[in-house]
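**Student:** Next up, coords-v4.tsv (TSV, C-alpha atoms).
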```
chain	number	residue	atom	x	y	z
B	29	MET	CA	136.14	-44.81	-16.88
B	30	SER	CA	133.17	-44.29	-14.58
B	31	LEU	CA	132.98	-46.10	-11.23
B	32	TRP	CA	129.68	-47.69	-12.33
B	33	PHE	CA	131.37	-49.16	-15.40
B	34	ARG	CA	134.14	-50.58	-13.23
B	35	PHE	CA	131.56	-52.39	-11.11
B	36	LEU	CA	129.99	-53.79	-14.28
B	37	LEU	CA	133.37	-55.23	-15.20
B	38	VAL	CA	133.39	-57.17	-11.93
B	39	LEU	CA	130.15	-58.83	-12.97
B	40	VAL	CA	130.99	-59.69	-16.57
B	41	LEU	CA	134.74	-60.29	-16.82
B	42	PRO	CA	136.06	-63.83	-16.23
B	43	PRO	CA	137.67	-64.19	-12.80
B	44	ALA	CA	141.10	-64.87	-14.29
B	45	LEU	CA	141.04	-61.60	-16.19
B	46	MET	CA	139.92	-59.69	-13.12
B	47	LEU	CA	142.71	-61.19	-11.04
B	48	GLY	CA	145.19	-60.23	-13.68
B	49	ALA	CA	143.92	-56.65	-13.81
B	50	ALA	CA	143.95	-56.28	-10.05
B	51	GLY	CA	147.33	-57.92	-9.74
B	52	ALA	CA	148.84	-55.47	-12.17
B	53	ARG	CA	148.31	-52.58	-9.78
B	54	ALA	CA	147.56	-54.18	-6.41
B	55	GLU	CA	148.20	-51.66	-3.65
B	56	THR	CA	147.27	-51.34	-0.01
B	57	VAL	CA	145.39	-48.34	1.33
B	58	ASP	CA	146.34	-47.72	4.97
B	59	ILE	CA	143.50	-46.12	6.92
B	60	GLY	CA	143.88	-44.70	10.41
B	61	TYR	CA	140.90	-44.37	12.74
B	62	GLN	CA	140.00	-43.94	16.39
B	63	ARG	CA	137.23	-45.34	18.57
B	64	SER	CA	135.21	-42.17	17.90
B	65	SER	CA	135.51	-42.54	14.10
B	66	SER	CA	131.91	-43.62	13.74
B	67	LEU	CA	131.57	-43.75	9.97
B	68	PHE	CA	134.86	-45.53	9.37
B	69	ILE	CA	134.14	-48.00	12.16
B	70	LEU	CA	130.85	-48.88	10.49
B	71	LEU	CA	132.50	-49.14	7.07
B	72	LYS	CA	135.23	-51.36	8.51
B	73	ARG	CA	132.64	-53.60	10.17
B	74	SER	CA	130.64	-54.02	6.95
B	75	GLY	CA	133.63	-54.48	4.64
B	76	GLU	CA	132.08	-51.91	2.31
B	77	LEU	CA	135.33	-50.15	1.42
B	78	GLU	CA	137.08	-53.43	0.67
B	79	ALA	CA	134.21	-54.37	-1.66
B	80	ARG	CA	134.33	-51.03	-3.47
B	81	LEU	CA	138.10	-50.76	-3.75
B	82	ALA	CA	138.89	-54.38	-4.73
B	83	PRO	CA	137.69	-53.90	-8.36
B	84	LEU	CA	140.14	-50.98	-8.61
B	85	GLY	CA	143.01	-53.17	-7.43
B	86	TYR	CA	143.31	-52.03	-3.80
B	87	ASP	CA	143.39	-53.81	-0.46
B	88	VAL	CA	142.60	-52.01	2.81
B	89	ASN	CA	144.72	-52.12	5.95
B	90	TRP	CA	143.11	-50.65	9.08
B	91	HIS	CA	145.08	-49.01	11.93
B	92	GLU	CA	143.34	-48.12	15.19
B	93	PHE	CA	145.03	-45.39	17.23
B	94	THR	CA	144.43	-44.77	20.92
B	95	ALA	CA	147.39	-42.37	21.09
B	96	GLY	CA	150.09	-41.08	18.78
B	97	LEU	CA	147.69	-40.24	15.97
B	98	LEU	CA	149.35	-36.89	15.30
B	99	ASP	CA	152.75	-38.58	15.02
B	100	ALA	CA	151.33	-41.13	12.58
B	101	LEU	CA	149.81	-38.39	10.44
B	102	ASN	CA	153.00	-36.35	10.45
B	103	ALA	CA	155.08	-39.39	9.53
B	104	GLY	CA	152.73	-40.32	6.71
B	105	SER	CA	152.38	-43.87	8.05
B	106	VAL	CA	148.70	-43.90	7.04
B	107	ASP	CA	147.29	-42.86	3.66
B	108	LEU	CA	143.86	-41.79	4.85
B	109	ASN	CA	142.67	-40.71	8.23
B	110	ALA	CA	139.18	-40.72	9.67
B	111	ASP	CA	137.59	-37.63	11.14
B	112	VAL	CA	139.43	-35.42	13.59
B	113	ALA	CA	138.01	-32.35	15.34
B	114	ASP	CA	138.68	-28.93	13.90
B	115	ALA	CA	141.41	-27.94	16.38
B	116	PHE	CA	143.27	-31.24	15.95
B	117	ALA	CA	143.49	-30.69	12.20
B	118	LEU	CA	145.22	-27.37	12.85
B	119	PHE	CA	147.90	-28.99	15.00
B	120	SER	CA	148.66	-31.29	12.07
B	121	GLN	CA	149.01	-28.24	9.85
B	122	ALA	CA	151.18	-26.48	12.44
B	123	ALA	CA	153.51	-29.50	12.45
B	124	ASN	CA	153.89	-29.12	8.65
B	125	ALA	CA	152.37	-32.53	8.12
B	126	PRO	CA	151.93	-33.14	4.37
B	127	LEU	CA	148.16	-33.50	4.64
B	128	THR	CA	145.23	-32.74	2.38
B	129	TYR	CA	141.60	-32.35	3.41
B	130	TYR	CA	139.34	-34.70	1.43
B	131	ALA	CA	136.04	-34.32	3.32
B	132	ARG	CA	134.42	-32.63	6.29
B	133	GLU	CA	131.37	-33.17	8.44
B	134	ASP	CA	128.96	-30.27	8.50
B	135	ARG	CA	128.88	-28.08	11.58
B	136	ALA	CA	127.69	-29.69	14.81
B	137	PRO	CA	127.78	-27.07	17.58
B	138	GLN	CA	125.89	-29.33	20.00
B	139	GLY	CA	128.71	-31.87	19.87
B	140	GLN	CA	130.40	-30.15	22.81
B	141	GLY	CA	129.32	-28.05	25.74
B	142	VAL	CA	130.15	-26.29	29.00
B	143	LEU	CA	128.51	-28.26	31.80
B	144	VAL	CA	127.86	-27.65	35.50
B	145	ALA	CA	126.24	-29.70	38.24
B	146	LYS	CA	122.45	-29.59	38.21
B	147	ASP	CA	122.26	-28.05	41.70
B	148	ALA	CA	125.18	-25.62	41.23
B	149	ASP	CA	124.66	-21.90	41.80
B	150	ILE	CA	126.08	-21.31	38.32
B	151	ARG	CA	123.12	-20.39	36.13
B	152	LEU	CA	124.71	-18.24	33.43
B	153	LEU	CA	128.03	-18.22	31.62
B	154	SER	CA	128.89	-15.03	33.49
B	155	ASP	CA	128.60	-16.99	36.76
B	156	LEU	CA	131.78	-18.86	35.80
B	157	LYS	CA	133.86	-15.92	37.02
B	158	GLY	CA	136.22	-17.15	39.72
B	159	LYS	CA	135.11	-20.77	39.28
B	160	ARG	CA	137.27	-23.84	38.63
B	161	VAL	CA	136.76	-25.07	35.07
B	162	ALA	CA	138.30	-28.20	33.56
B	163	VAL	CA	139.16	-28.42	29.87
B	164	SER	CA	141.58	-30.24	27.62
B	165	ARG	CA	144.16	-27.68	26.46
B	166	GLY	CA	144.12	-27.05	22.72
B	167	SER	CA	140.95	-29.02	22.08
B	168	GLY	CA	137.85	-27.81	20.28
B	169	SER	CA	136.18	-27.60	23.68
B	170	HIS	CA	138.94	-25.25	24.83
B	171	PHE	CA	138.03	-22.93	21.95
B	172	LEU	CA	134.35	-23.23	22.92
B	173	LEU	CA	135.16	-22.23	26.50
B	174	LEU	CA	137.16	-19.21	25.37
B	175	ARG	CA	134.35	-18.13	23.03
B	176	ALA	CA	131.77	-18.62	25.79
B	177	LEU	CA	133.79	-16.43	28.17
B	178	GLN	CA	134.28	-13.80	25.49
B	179	HIS	CA	130.55	-13.79	24.85
B	180	VAL	CA	129.90	-12.56	28.40
B	181	GLY	CA	132.89	-10.23	28.62
B	182	LEU	CA	135.26	-12.58	30.44
B	183	THR	CA	138.62	-14.15	29.58
B	184	ASP	CA	140.47	-17.23	30.75
B	185	LYS	CA	142.13	-14.99	33.37
B	186	ASP	CA	138.73	-14.55	35.04
B	187	ILE	CA	138.37	-18.26	35.84
B	188	ASP	CA	140.49	-20.86	37.58
B	189	ILE	CA	141.20	-22.96	34.52
B	190	ARG	CA	142.39	-26.54	35.03
B	191	TYR	CA	143.99	-28.12	31.97
B	192	LEU	CA	143.18	-31.83	32.14
B	193	PRO	CA	142.86	-34.61	29.55
B	194	ALA	CA	139.19	-35.42	28.96
B	195	PRO	CA	139.02	-38.58	31.16
B	196	ASP	CA	140.82	-36.80	34.03
B	197	GLY	CA	138.61	-33.74	33.64
B	198	LEU	CA	135.55	-35.97	33.72
B	199	ALA	CA	136.77	-37.59	36.94
B	200	ALA	CA	137.57	-34.22	38.54
B	201	PHE	CA	134.14	-32.87	37.64
B	202	SER	CA	132.32	-35.98	38.89
B	203	GLN	CA	134.21	-35.77	42.21
B	204	GLY	CA	133.44	-32.08	42.66
B	205	ASP	CA	137.08	-31.00	42.33
B	206	VAL	CA	136.06	-28.49	39.63
B	207	ASP	CA	132.89	-26.46	39.24
B	208	ALA	CA	132.44	-26.83	35.49
B	209	ILE	CA	133.82	-28.69	32.52
B	210	SER	CA	134.02	-27.92	28.81
B	211	ILE	CA	133.85	-31.29	27.06
B	212	TRP	CA	132.94	-33.01	23.81
B	213	ASP	CA	130.94	-36.09	22.96
B	214	PRO	CA	130.61	-38.87	23.93
B	215	PHE	CA	131.87	-37.60	27.33
B	216	GLN	CA	129.29	-34.80	27.20
B	217	SER	CA	126.45	-37.24	26.55
B	218	VAL	CA	127.60	-39.53	29.38
B	219	LEU	CA	127.22	-36.59	31.76
B	220	LEU	CA	123.94	-35.36	30.28
B	221	ARG	CA	122.41	-38.84	30.45
B	222	SER	CA	123.24	-39.02	34.17
B	223	GLY	CA	120.64	-36.32	34.81
B	224	ASP	CA	122.97	-34.61	37.26
B	225	VAL	CA	124.26	-31.81	35.02
B	226	ARG	CA	123.10	-28.77	33.07
B	227	SER	CA	124.60	-27.24	29.94
B	228	LEU	CA	125.40	-23.52	29.97
B	229	THR	CA	125.78	-23.45	26.21
B	230	ASP	CA	122.62	-25.26	25.11
B	231	HIS	CA	120.65	-22.10	24.53
B	232	ALA	CA	123.53	-19.70	23.92
B	233	PRO	CA	124.23	-18.39	20.43
B	234	GLU	CA	126.39	-20.76	18.43
B	235	LEU	CA	129.75	-19.96	19.96
B	236	ALA	CA	131.78	-22.59	18.13
B	237	GLU	CA	130.68	-24.35	14.96
B	238	TYR	CA	132.61	-27.58	15.60
B	239	TYR	CA	133.52	-29.21	12.29
B	240	ARG	CA	135.27	-32.53	11.81
B	241	PHE	CA	137.77	-33.06	9.00
B	242	TYR	CA	139.01	-36.09	7.07
B	243	THR	CA	142.60	-35.96	5.83
B	244	ALA	CA	144.88	-37.86	3.46
B	245	THR	CA	148.60	-37.63	2.94
B	246	THR	CA	149.13	-35.15	0.13
B	247	ALA	CA	151.22	-37.58	-1.92
B	248	PHE	CA	148.47	-40.21	-1.74
B	249	ALA	CA	145.74	-37.69	-2.57
B	250	LYS	CA	147.61	-36.61	-5.71
B	251	ALA	CA	148.44	-40.15	-6.83
B	252	HIS	CA	145.13	-41.87	-6.06
B	253	PRO	CA	142.15	-39.52	-6.51
B	254	GLU	CA	140.00	-42.49	-7.55
B	255	VAL	CA	140.43	-43.97	-4.06
B	256	LEU	CA	139.43	-40.70	-2.43
B	257	GLN	CA	136.33	-40.59	-4.63
B	258	VAL	CA	135.27	-44.08	-3.53
B	259	VAL	CA	135.90	-43.28	0.13
B	260	PHE	CA	134.10	-39.93	-0.09
B	261	ASP	CA	131.02	-41.53	-1.67
B	262	ALA	CA	130.99	-44.31	0.92
B	263	LEU	CA	131.21	-41.78	3.76
B	264	VAL	CA	128.32	-39.77	2.32
B	265	GLU	CA	126.12	-42.87	2.17
B	266	GLN	CA	127.18	-44.13	5.61
B	267	GLY	CA	126.48	-40.74	7.17
B	268	LYS	CA	122.96	-40.70	5.71
B	269	TRP	CA	122.39	-44.21	7.03
B	270	VAL	CA	123.42	-43.26	10.58
B	271	LYS	CA	121.02	-40.33	10.66
B	272	SER	CA	118.14	-42.37	9.22
B	273	HIS	CA	118.80	-45.39	11.49
B	274	PRO	CA	119.82	-43.75	14.78
B	275	HIS	CA	118.94	-46.61	17.12
B	276	GLU	CA	120.41	-49.35	14.94
B	277	ALA	CA	123.61	-47.35	14.49
B	278	ALA	CA	123.85	-46.78	18.25
B	279	GLU	CA	123.37	-50.50	18.94
B	280	ILE	CA	126.32	-51.29	16.66
B	281	LEU	CA	128.58	-48.52	17.98
B	282	ALA	CA	127.85	-48.91	21.71
B	283	PRO	CA	130.11	-51.96	22.30
B	284	LEU	CA	132.75	-50.49	19.98
B	285	TRP	CA	132.82	-47.27	22.00
B	286	GLY	CA	133.69	-49.11	25.19
B	287	ASN	CA	130.29	-50.62	26.04
B	288	LEU	CA	128.54	-47.31	26.51
B	289	PRO	CA	124.75	-47.49	26.95
B	290	VAL	CA	122.95	-47.45	23.61
B	291	LYS	CA	120.91	-44.40	24.65
B	292	THR	CA	124.11	-42.48	25.40
B	293	VAL	CA	125.54	-43.26	21.97
B	294	GLU	CA	122.23	-42.33	20.36
B	295	LEU	CA	122.29	-38.97	22.14
B	296	ALA	CA	125.89	-38.32	21.10
B	297	ASN	CA	125.07	-39.19	17.49
B	298	SER	CA	122.08	-36.85	17.55
B	299	HIS	CA	124.50	-33.99	18.27
B	300	ARG	CA	126.57	-34.69	15.15
B	301	SER	CA	125.44	-33.89	11.62
B	302	TYR	CA	127.18	-36.86	9.91
B	303	ARG	CA	126.59	-34.85	6.73
B	304	ILE	CA	129.70	-35.37	4.61
B	305	LEU	CA	130.64	-32.44	2.41
B	306	PRO	CA	133.55	-31.40	0.18
B	307	VAL	CA	136.01	-28.97	1.71
B	308	ASP	CA	136.10	-25.53	0.16
B	309	LYS	CA	138.78	-23.08	1.27
B	310	SER	CA	136.09	-20.42	1.60
B	311	ASP	CA	134.57	-22.56	4.38
B	312	LEU	CA	137.66	-22.46	6.62
B	313	GLN	CA	136.88	-19.23	8.50
B	314	GLU	CA	136.26	-21.12	11.75
B	315	GLN	CA	139.58	-22.89	11.33
B	316	GLN	CA	141.25	-19.49	11.00
B	317	ARG	CA	139.52	-18.21	14.15
B	318	ILE	CA	140.75	-21.22	16.13
B	319	ALA	CA	144.27	-20.89	14.71
B	320	ASP	CA	144.43	-17.18	15.59
B	321	THR	CA	143.09	-17.78	19.10
B	322	TYR	CA	145.56	-20.56	19.84
B	323	HIS	CA	148.45	-18.57	18.38
B	324	GLU	CA	147.62	-15.66	20.71
B	325	LEU	CA	147.68	-18.09	23.65
B	326	GLY	CA	150.97	-19.63	22.52
B	327	ILE	CA	149.39	-23.06	22.02
B	328	ILE	CA	150.25	-22.91	18.32
B	329	PRO	CA	153.71	-21.30	18.16
B	330	GLU	CA	153.52	-19.76	14.70
B	331	SER	CA	150.77	-17.91	12.89
B	332	LEU	CA	148.80	-20.18	10.55
B	333	LYS	CA	146.83	-19.49	7.42
B	334	ALA	CA	144.05	-22.06	7.39
B	335	THR	CA	143.73	-21.93	3.60
B	336	ASP	CA	147.35	-23.00	3.12
B	337	ILE	CA	146.47	-26.65	3.62
B	338	GLY	CA	145.76	-28.78	0.55
B	339	VAL	CA	142.20	-29.59	-0.47
B	340	TRP	CA	140.97	-32.44	-2.68
B	341	THR	CA	137.61	-31.90	-4.33
B	342	PRO	CA	135.35	-34.84	-5.28
B	343	GLN	CA	133.83	-35.08	-8.72
B	344	ALA	CA	130.16	-34.30	-9.07
B	345	ASP	CA	127.95	-37.17	-10.28
B	346	HIS	CA	127.66	-35.76	-13.80
B	347	GLU	CA	131.45	-35.47	-14.07
B	348	ARG	CA	131.83	-39.22	-13.55
B	349	GLU	CA	129.66	-40.27	-16.47
```
In structure tokens, write the structure found in this file.
**Tutor:**
Amino acid sequence: MSLWFRFLLVLVLPPALMLGAAGARAETVDIGYQRSSSLFILLKRSGELEARLAPLGYDVNWHEFTAGLLDALNAGSVDLNADVADAFALFSQAANAPLTYYAREDRAPQGQGVLVAKDADIRLLSDLKGKRVAVSRGSGSHFLLLRALQHVGLTDKDIDIRYLPAPDGLAAFSQGDVDAISIWDPFQSVLLRSGDVRSLTDHAPELAEYYRFYTATTAFAKAHPEVLQVVFDALVEQGKWVKSHPHEAAEILAPLWGNLPVKTVELANSHRSYRILPVDKSDLQEQQRIADTYHELGIIPESLKATDIGVWTPQADHERE
């Protein structure tokens, strides 16, 4: 039965019959998200997923995580998870979490960068040699830093690397305790908007592609593909809306991101594609590069094959007729 026909049923069936149909298979979809999960935050605020899933007999239960997201994913305590950065998805795979990719955001290399103070004597990536550089260990920005160093013939042994969580790294950089920082948005945009920093990777070749992935527990993906289809379609539409209404989207997200200035959120959003695509195993080469790099560094203890993770593929429009 097509999704369009299901919506028609909502309009024409008597309420009692609809309640009976929903009651026969009422289930709750548990969705995990973080403050940075822009599309899911907007969908939660609008109630769009609840409206689309109710005719199929599903309720939605939202879970915001500020920490412990990896544990929640590994334990299967949420059915669907909002976007996580490329490197984070690999740590879930390394922990043997029973997860399946159900969507990805298209590449957004400007979503992270290596930054230095505006008046610093560091003009080129090669000038980082011997300098103190802050980065969150195992993050996508860590991979960016390693690729940036490799690009100019350096390694992490050629710099004084300081492994700090993003907020601590931001504080250390702002106080002058480190010379550079490799960081992602919105932290990157906070610094760029201050006018006191320069990016060393703005005009460099694309060193790291920076994808974001959406995951579901494998058991849920196999049992409820119709839910994944609804969520995928909603994400596609919400992503298009954000890109076509950048200021309005930033005004909504700014207070939800911790009362950041609207212009800062708008800048951060301009760095992301918000283009939702299916995941194809042939598109996981960057994931493999990150996995191999982190395995060599001992951050991921065992060798990973990026294509070993499960992938759910949405139906094309003509397949739903």
**Student:** Would you mind listing what lies within 12 Å of Glu330 in chain B as a list in words, with only C-alpha atoms counted and same-chain residues fewer than 6 positions away left out?
**Tutor:**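 Contacts, with the query itself left out: Leu118, Phe119, Gln121, Ala122, Ala123, Asn124, Ala319, Asp320, Thr321, Tyr322, His323 and Glu324 of chain B.
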**Student:** If you take every atom of range 182-187 of chain B that the file lists and fit an axis-aligned box around them with 6 Å extra on each side, what centre and edge lengths come out in Å to one decimal, as JSON?
**Tutor:**
```
{"center_x": 138.7, "center_y": -15.4, "center_z": 32.7, "size_x": 18.9, "size_y": 17.7, "size_z": 18.3}
```
**Student:** Would you mind telling me which residue in B:Ala334, B:Leu84, B:Ala125, B:Ile280 lies nearest to Ser310 in chain B when using all atoms listed in the file?
**Tutor:**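 Once distances to Ser310 in chain B are computed over all atoms listed in the file, the minimum belongs to B:Ala334.
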**Student:** Take CA of Ala162 in chain B and CA of Ile327 in chain B and report the distance between them in Å, one decimal.
**Tutor:**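 Answer for the CA of Ala162 in chain B to CA of Ile327 in chain B separation: 16.8 Å.
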**Student:** Do you have the CA of Ala145 in chain B-CA of Ser65 in chain B distance handy?
**Tutor:**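 Calculated distance between CA of Ala145 in chain B and CA of Ser65 in chain B is 28.9 Å.
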**Student:** Identify the residues within 8 Å of coordinate (138.1, -41.3, 23.2) (same frame as the file), considering all atoms listed in the file, and give the answer as a PDB file with C-alpha atoms, keeping the file's coordinate frame.
**Tutor:**
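result.pdb written:
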```
ATOM      1  CA  GLN B  62     140.000 -43.940  16.390  1.00  0.00           C
ATOM      2  CA  ARG B  63     137.230 -45.340  18.570  1.00  0.00           C
ATOM      3  CA  SER B  64     135.210 -42.170  17.900  1.00  0.00           C
ATOM      4  CA  THR B  94     144.430 -44.770  20.920  1.00  0.00           C
ATOM      5  CA  PRO B 214     130.610 -38.870  23.930  1.00  0.00           C
TER       6      PRO B 214
END
```
**Student:** For range 275-304 of chain B, supply N, CA and C atoms and format the output as a PDB file, in the frame of the given file.
**Tutor:**
```pdb
ATOM      1  N   HIS B 275     118.876 -45.586  16.074  1.00  0.00           N
ATOM      2  CA  HIS B 275     118.940 -46.610  17.120  1.00  0.00           C
ATOM      3  C   HIS B 275     119.798 -47.789  16.673  1.00  0.00           C
ATOM      4  N   GLU B 276     119.614 -48.220  15.443  1.00  0.00           N
ATOM      5  CA  GLU B 276     120.410 -49.350  14.940  1.00  0.00           C
ATOM      6  C   GLU B 276     121.894 -49.002  14.925  1.00  0.00           C
ATOM      7  N   ALA B 277     122.214 -47.776  14.500  1.00  0.00           N
ATOM      8  CA  ALA B 277     123.610 -47.350  14.490  1.00  0.00           C
ATOM      9  C   ALA B 277     124.180 -47.331  15.902  1.00  0.00           C
ATOM     10  N   ALA B 278     123.400 -46.839  16.863  1.00  0.00           N
ATOM     11  CA  ALA B 278     123.850 -46.780  18.250  1.00  0.00           C
ATOM     12  C   ALA B 278     124.072 -48.175  18.822  1.00  0.00           C
ATOM     13  N   GLU B 279     123.214 -49.120  18.463  1.00  0.00           N
ATOM     14  CA  GLU B 279     123.370 -50.500  18.940  1.00  0.00           C
ATOM     15  C   GLU B 279     124.682 -51.106  18.439  1.00  0.00           C
ATOM     16  N   ILE B 280     125.062 -50.763  17.214  1.00  0.00           N
ATOM     17  CA  ILE B 280     126.320 -51.290  16.660  1.00  0.00           C
ATOM     18  C   ILE B 280     127.519 -50.615  17.314  1.00  0.00           C
ATOM     19  N   LEU B 281     127.433 -49.285  17.494  1.00  0.00           N
ATOM     20  CA  LEU B 281     128.580 -48.520  17.980  1.00  0.00           C
ATOM     21  C   LEU B 281     128.796 -48.657  19.486  1.00  0.00           C
ATOM     22  N   ALA B 282     127.742 -48.896  20.250  1.00  0.00           N
ATOM     23  CA  ALA B 282     127.850 -48.910  21.710  1.00  0.00           C
ATOM     24  C   ALA B 282     128.960 -49.830  22.225  1.00  0.00           C
ATOM     25  N   PRO B 283     129.019 -51.107  21.808  1.00  0.00           N
ATOM     26  CA  PRO B 283     130.110 -51.960  22.300  1.00  0.00           C
ATOM     27  C   PRO B 283     131.471 -51.549  21.760  1.00  0.00           C
ATOM     28  N   LEU B 284     131.488 -50.918  20.589  1.00  0.00           N
ATOM     29  CA  LEU B 284     132.750 -50.490  19.980  1.00  0.00           C
ATOM     30  C   LEU B 284     133.285 -49.220  20.607  1.00  0.00           C
ATOM     31  N   TRP B 285     132.420 -48.491  21.297  1.00  0.00           N
ATOM     32  CA  TRP B 285     132.820 -47.270  22.000  1.00  0.00           C
ATOM     33  C   TRP B 285     133.135 -47.552  23.475  1.00  0.00           C
ATOM     34  N   GLY B 286     133.363 -48.779  23.811  1.00  0.00           N
ATOM     35  CA  GLY B 286     133.690 -49.110  25.190  1.00  0.00           C
ATOM     36  C   GLY B 286     132.486 -49.491  26.018  1.00  0.00           C
ATOM     37  N   ASN B 287     131.508 -50.146  25.358  1.00  0.00           N
ATOM     38  CA  ASN B 287     130.290 -50.620  26.040  1.00  0.00           C
ATOM     39  C   ASN B 287     129.504 -49.496  26.713  1.00  0.00           C
ATOM     40  N   LEU B 288     129.399 -48.378  26.016  1.00  0.00           N
ATOM     41  CA  LEU B 288     128.540 -47.310  26.510  1.00  0.00           C
ATOM     42  C   LEU B 288     127.078 -47.719  26.336  1.00  0.00           C
ATOM     43  N   PRO B 289     126.172 -47.200  27.148  1.00  0.00           N
ATOM     44  CA  PRO B 289     124.750 -47.490  26.950  1.00  0.00           C
ATOM     45  C   PRO B 289     124.308 -47.021  25.560  1.00  0.00           C
ATOM     46  N   VAL B 290     123.419 -47.777  24.957  1.00  0.00           N
ATOM     47  CA  VAL B 290     122.950 -47.450  23.610  1.00  0.00           C
ATOM     48  C   VAL B 290     122.327 -46.056  23.579  1.00  0.00           C
ATOM     49  N   LYS B 291     121.555 -45.711  24.604  1.00  0.00           N
ATOM     50  CA  LYS B 291     120.910 -44.400  24.650  1.00  0.00           C
ATOM     51  C   LYS B 291     121.915 -43.261  24.684  1.00  0.00           C
ATOM     52  N   THR B 292     123.062 -43.500  25.340  1.00  0.00           N
ATOM     53  CA  THR B 292     124.110 -42.480  25.400  1.00  0.00           C
ATOM     54  C   THR B 292     124.725 -42.270  24.017  1.00  0.00           C
ATOM     55  N   VAL B 293     124.986 -43.364  23.320  1.00  0.00           N
ATOM     56  CA  VAL B 293     125.540 -43.260  21.970  1.00  0.00           C
ATOM     57  C   VAL B 293     124.540 -42.590  21.040  1.00  0.00           C
ATOM     58  N   GLU B 294     123.272 -42.938  21.201  1.00  0.00           N
ATOM     59  CA  GLU B 294     122.230 -42.330  20.360  1.00  0.00           C
ATOM     60  C   GLU B 294     122.162 -40.826  20.597  1.00  0.00           C
ATOM     61  N   LEU B 295     122.300 -40.402  21.839  1.00  0.00           N
ATOM     62  CA  LEU B 295     122.290 -38.970  22.140  1.00  0.00           C
ATOM     63  C   LEU B 295     123.509 -38.284  21.519  1.00  0.00           C
ATOM     64  N   ALA B 296     124.677 -38.903  21.678  1.00  0.00           N
ATOM     65  CA  ALA B 296     125.890 -38.320  21.100  1.00  0.00           C
ATOM     66  C   ALA B 296     125.769 -38.197  19.579  1.00  0.00           C
ATOM     67  N   ASN B 297     125.233 -39.225  18.945  1.00  0.00           N
ATOM     68  CA  ASN B 297     125.070 -39.190  17.490  1.00  0.00           C
ATOM     69  C   ASN B 297     124.056 -38.133  17.055  1.00  0.00           C
ATOM     70  N   SER B 298     123.070 -37.867  17.899  1.00  0.00           N
ATOM     71  CA  SER B 298     122.080 -36.850  17.550  1.00  0.00           C
ATOM     72  C   SER B 298     122.700 -35.459  17.534  1.00  0.00           C
ATOM     73  N   HIS B 299     123.817 -35.286  18.234  1.00  0.00           N
ATOM     74  CA  HIS B 299     124.500 -33.990  18.270  1.00  0.00           C
ATOM     75  C   HIS B 299     125.368 -33.760  17.042  1.00  0.00           C
ATOM     76  N   ARG B 300     125.720 -34.818  16.343  1.00  0.00           N
ATOM     77  CA  ARG B 300     126.570 -34.690  15.150  1.00  0.00           C
ATOM     78  C   ARG B 300     125.725 -34.696  13.891  1.00  0.00           C
ATOM     79  N   SER B 301     126.198 -33.980  12.878  1.00  0.00           N
ATOM     80  CA  SER B 301     125.440 -33.890  11.620  1.00  0.00           C
ATOM     81  C   SER B 301     125.617 -35.147  10.771  1.00  0.00           C
ATOM     82  N   TYR B 302     126.813 -35.733  10.780  1.00  0.00           N
ATOM     83  CA  TYR B 302     127.180 -36.860   9.910  1.00  0.00           C
ATOM     84  C   TYR B 302     126.890 -36.536   8.436  1.00  0.00           C
ATOM     85  N   ARG B 303     126.801 -35.274   8.117  1.00  0.00           N
ATOM     86  CA  ARG B 303     126.590 -34.850   6.730  1.00  0.00           C
ATOM     87  C   ARG B 303     127.963 -34.590   6.112  1.00  0.00           C
ATOM     88  N   ILE B 304     128.375 -35.463   5.217  1.00  0.00           N
ATOM     89  CA  ILE B 304     129.700 -35.370   4.610  1.00  0.00           C
ATOM     90  C   ILE B 304     129.664 -34.421   3.422  1.00  0.00           C
TER      91      ILE B 304
END
```
